[in-house]
Structure formats: structure tokens, C-alpha cells
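J.: There's a structure below that I have some questions on.
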Amino acid sequence: MGTFCSVIKFENLQELKRLCHWGPIIALGVIAICSTMAMIDSVLWYWPLHTTGGSVNFIMLINWTVMILYNYFNAMFVGPGFVPLGWKPENSQDSRYLQYCQVCQAYKAPRSHHCRKCNRCVLKMDHHCPWINNCCGYQNHASFTLFLLLAPLGCIHAAFIFVMTMYTQLYNRLSFGWNTVKVDMSAARRDPLPIIPFGLAAFAATLFALGLALGTTIAVGMLFFIQMKIILRNQTSIESWIEEKAKDRIQYYQLDEVFVFPYDMGSRWKNFKQVFTWSGVPEGDGLEWPVKEGCHQYSLTIEQLEQKKDKRVRSVRYKVIEDYSGACCPLNKGIRTFFTSPCTEEPRIRLQKGEFVLATRGLRYWLYGDKILDDSFIEVVLV
């Protein structure tokens, strides 16, 4: 109940600005179109409310919509939780294991990372999601994952309604000839006649909603399986990437050591309970975490510091040979560069001929790295 109140109370009305972004506008638009068309198709043309099955079906559609929107707004407005400004470990000696954030003027707590979009250090940061215009992290990881589960389930139900509506309405309206197929959109199948006939506009709207529902089921369903995979390991997307780089670092330098992820509780069920609880409130305070035997609170942050050193050693230095405006999808750099632009909101930075950059990783036509500017580094996506 406390979580629900936090959603509708809006202690900070500035949070409403999160809705004014292309991600929430598209996400809420898809939810509205699929839900509305599913209810209209059910009541008018497929399964009327005066039948028991129709009533149950309509209630289920409303239930899907409410649960999807509840978890969506929970993930958006409750947020991930942030490291308190000016935070530092209780034991001052532990600060040597932590990175210091110049923006937040605080040490980064274990499992936290700074988000440029939120401009804060996020507790147990997983990623910044443009669809909720907020970060996914410690406080809203469960709500975000439930949204990823419920959205495909609701879309599957809606897609079934759309298919059955078109089938029942068009079954007796198809006239097959030797060379043509004629469709009589004025014919009616249901008795009594529906209040609004199933015309060409209704068919087109239903077909469009079906495409949205199927696309959402596939895309969001894949994201759900990715999230569950890392949750069952008690990881975040960032920590999964850190683990991969740790293994690569060990292999590259042929070190006689094995990287052990410190927050794996030893079983999938225990890892699952670190995110999902009956109260809806995640375990812990987001600053300290239970760790595996033989590890300590700063095992992962120590690995991050080692990778930061390794990043400077293994980075490749490039000299810029053409000016780059910093456009997200530059048309003047070739058609392949335009269509392979990374799907990320990370900033592209303006480059001038003669400047130097450090590339840490890259795709075929794009590089991720740092711009060298007066012996300082700005993390960017480079073309």
C-alpha cells in the first residue's frame, strides 16, 4: 500500500515531466491502442457482455490493463533510488576501494553507477530505460520486470481477440471466384446485429492493433527473458558486462586467478528473492549487500578499478581525420553508418580534424571511447 501511495502522491511534481518524452509517449500509446481496440472488438463484434464468457473476458482485459499501467508507473515514478549526496562509507579506510563521483560529490556505493540522464548515482543500476524515461535499479527493478512480463501476456490476450474478431466477422463475407476474391464488408454474421457494423475502418484498426500487439509481445518478451536471466544470477546488466570484462582481463594477461561474482547467493531462488518480495520492498538499503563466502562488500568495486586501469592500457588512440557534427544518425558519413547507428541515448560528441580519441570498444562503423581534451577524458560514442 505504501508503494501505491508513492505513485499517486507525487511528492515531487517535477517527476510528471518524465511523461514528456518520446519513450513514455510511445509506450503509453501502444498500451492505449491495444487495450481500447481489444475491449471494443470484444464487446461489439466477438464476445458480447451479456454472455458469461464475454463478461469474464472483458474483466480480464481490464485487469491486464490495470496491472500493466500500475507496474509501469511504479517503475517510472518510484524510480531506482539514488546514492545520498555527499555519501561516504562509515569506515573512511574503505573509500580507497570506491570511485568518487565529482558530479554528486560522493563516493559511489557498491553496485551503484552514475547516470548522465538522471545526473545522479543510481543504487544497483541496471540501465537507463528510455521507455520509462528513468533508470531501472534497486527500488524499481521488480516493478520494471513485472511490467516486462505482464505487457506480453496482455498483448497475447489482445492478439487472440483481434484474430478471432476478424475471423468471425469475415467468415461469411468472403466470396471466392475463379480469378478474384470479393469481400462484402456490409454482411453481418452475428445475430442480433452489432450496434456498429464491422466495416473497413474497423478491420484496418483491428489489423493495425494486431501488429502492435504481436510486435510488443516479441520485443518486450525478449527483454523479460534477458532480465530474468540476470536476476536469477543476482546481477544487473552492467554487472554482467563487468563480469565478462573481468574474465577477458584475466585471459588477456594470463593471470592465475578466477573471478567470483560476490553477490551470487548460491541458488536461483535466493537470488530471485533479492529482487522480488511479498511486501514489494526490495531487501536491504541499497548501500550494503549480502555477499558470497570468501568475498566482501568491495570485491566488485576493486575489479572495476582494475578494469579502469586496464582500459587506459589497452585502449587504442586514434586521430580524427574528418570533422563530425555529433549528429545521432549522420547522413554525410555514408548510408551504412547512418543505418547502423547505436540504439543508445549516450551522447555523440562533436569532433574536429586533428583531435585525438581513445577507443575502448567498437562496432564496424562506430566506436565507443573517450575524447582526449587537456589530459582529461569525456566518455562518448564516436563515429
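Chain labels run A, B, ... following the order of the C-alpha cells; each chain numbers its residues from 1, and ligands are numbered from 1 in the order shown.
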Do you know which residues are at most 12 Å from A:Cys329 counting only C-alpha atoms, after dropping those on the same chain fewer than 5 positions away, and could you put them as a CSV table (one decimal) with C-alpha atoms, in the first residue's frame?
T.:
```csv
chain,number,residue,atom,x,y,z
A,324,TYR,CA,32.0,15.2,-37.1
A,334,GLY,CA,27.7,7.1,-45.6
A,335,ILE,CA,24.5,5.0,-45.7
A,336,ARG,CA,25.9,2.2,-43.7
A,337,THR,CA,27.0,4.5,-40.9
A,338,PHE,CA,23.5,6.0,-40.9
A,339,PHE,CA,21.6,2.7,-40.6
A,340,THR,CA,24.0,1.2,-38.0
A,341,SER,CA,23.8,4.0,-35.5
A,342,PRO,CA,23.9,2.5,-32.0
A,343,CYS,CA,20.5,2.3,-30.3
A,344,THR,CA,21.6,4.3,-27.2
A,345,GLU,CA,20.9,7.7,-25.7
A,347,PRO,CA,25.9,11.5,-26.3
A,348,ARG,CA,27.7,11.8,-29.6
A,365,TYR,CA,31.2,1.7,-38.2
A,366,TRP,CA,31.1,3.2,-34.7
A,381,VAL,CA,30.0,7.4,-28.8
A,382,LEU,CA,32.2,8.2,-31.7
A,383,VAL,CA,31.5,7.9,-35.4
```
J.: What's the 12 Å shell around A:Phe58, counting only C-alpha atoms, without same-chain residues fewer than 2 positions away, as a ChimeraX atom specification?
T.: /A:35-44,46-56,60-65,157-158,161
J.: Which residue, A:Leu373, A:Ala109, A:Leu300, A:Met67, has the smallest gap to A:Glu239 when you use only C-alpha atoms?
T.: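 Smallest separation from A:Glu239 among the options: A:Leu300.
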J.: Taking into account only C-alpha atoms, which residue in the set A:Val163, A:Ala32, A:Lys333, A:Trp45 is nearest to A:Val66?
T.: A:Ala32
J.: Mind pulling up the distance from atom CA of A:Pro130 to atom CA of A:His21?
T.: 8.2 Å
J.: Can you list, as a ChimeraX atom specification, every residue of stretch 154-331 of chain A that DSSP puts in helix (DSSP H, G or I)?
T.: /A:154-170,200-231,237-253,268-273,299-314,331
J.: Based on the backbone DSSP call, show me all residues of stretch 228-376 of chain A assigned strand (DSSP E or B), as number ranges by chain.
T.: A: 316-319, 324, 348, 351, 356-362, 367-373, 376
J.: Figure out the distance between atom CA of A:Gly79 and atom CA of A:Ala219, please, to one decimal in Å.
T.: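 Taking atom CA of A:Ala219 as the start and atom CA of A:Gly79 as the end point, the length is 22.8 Å.
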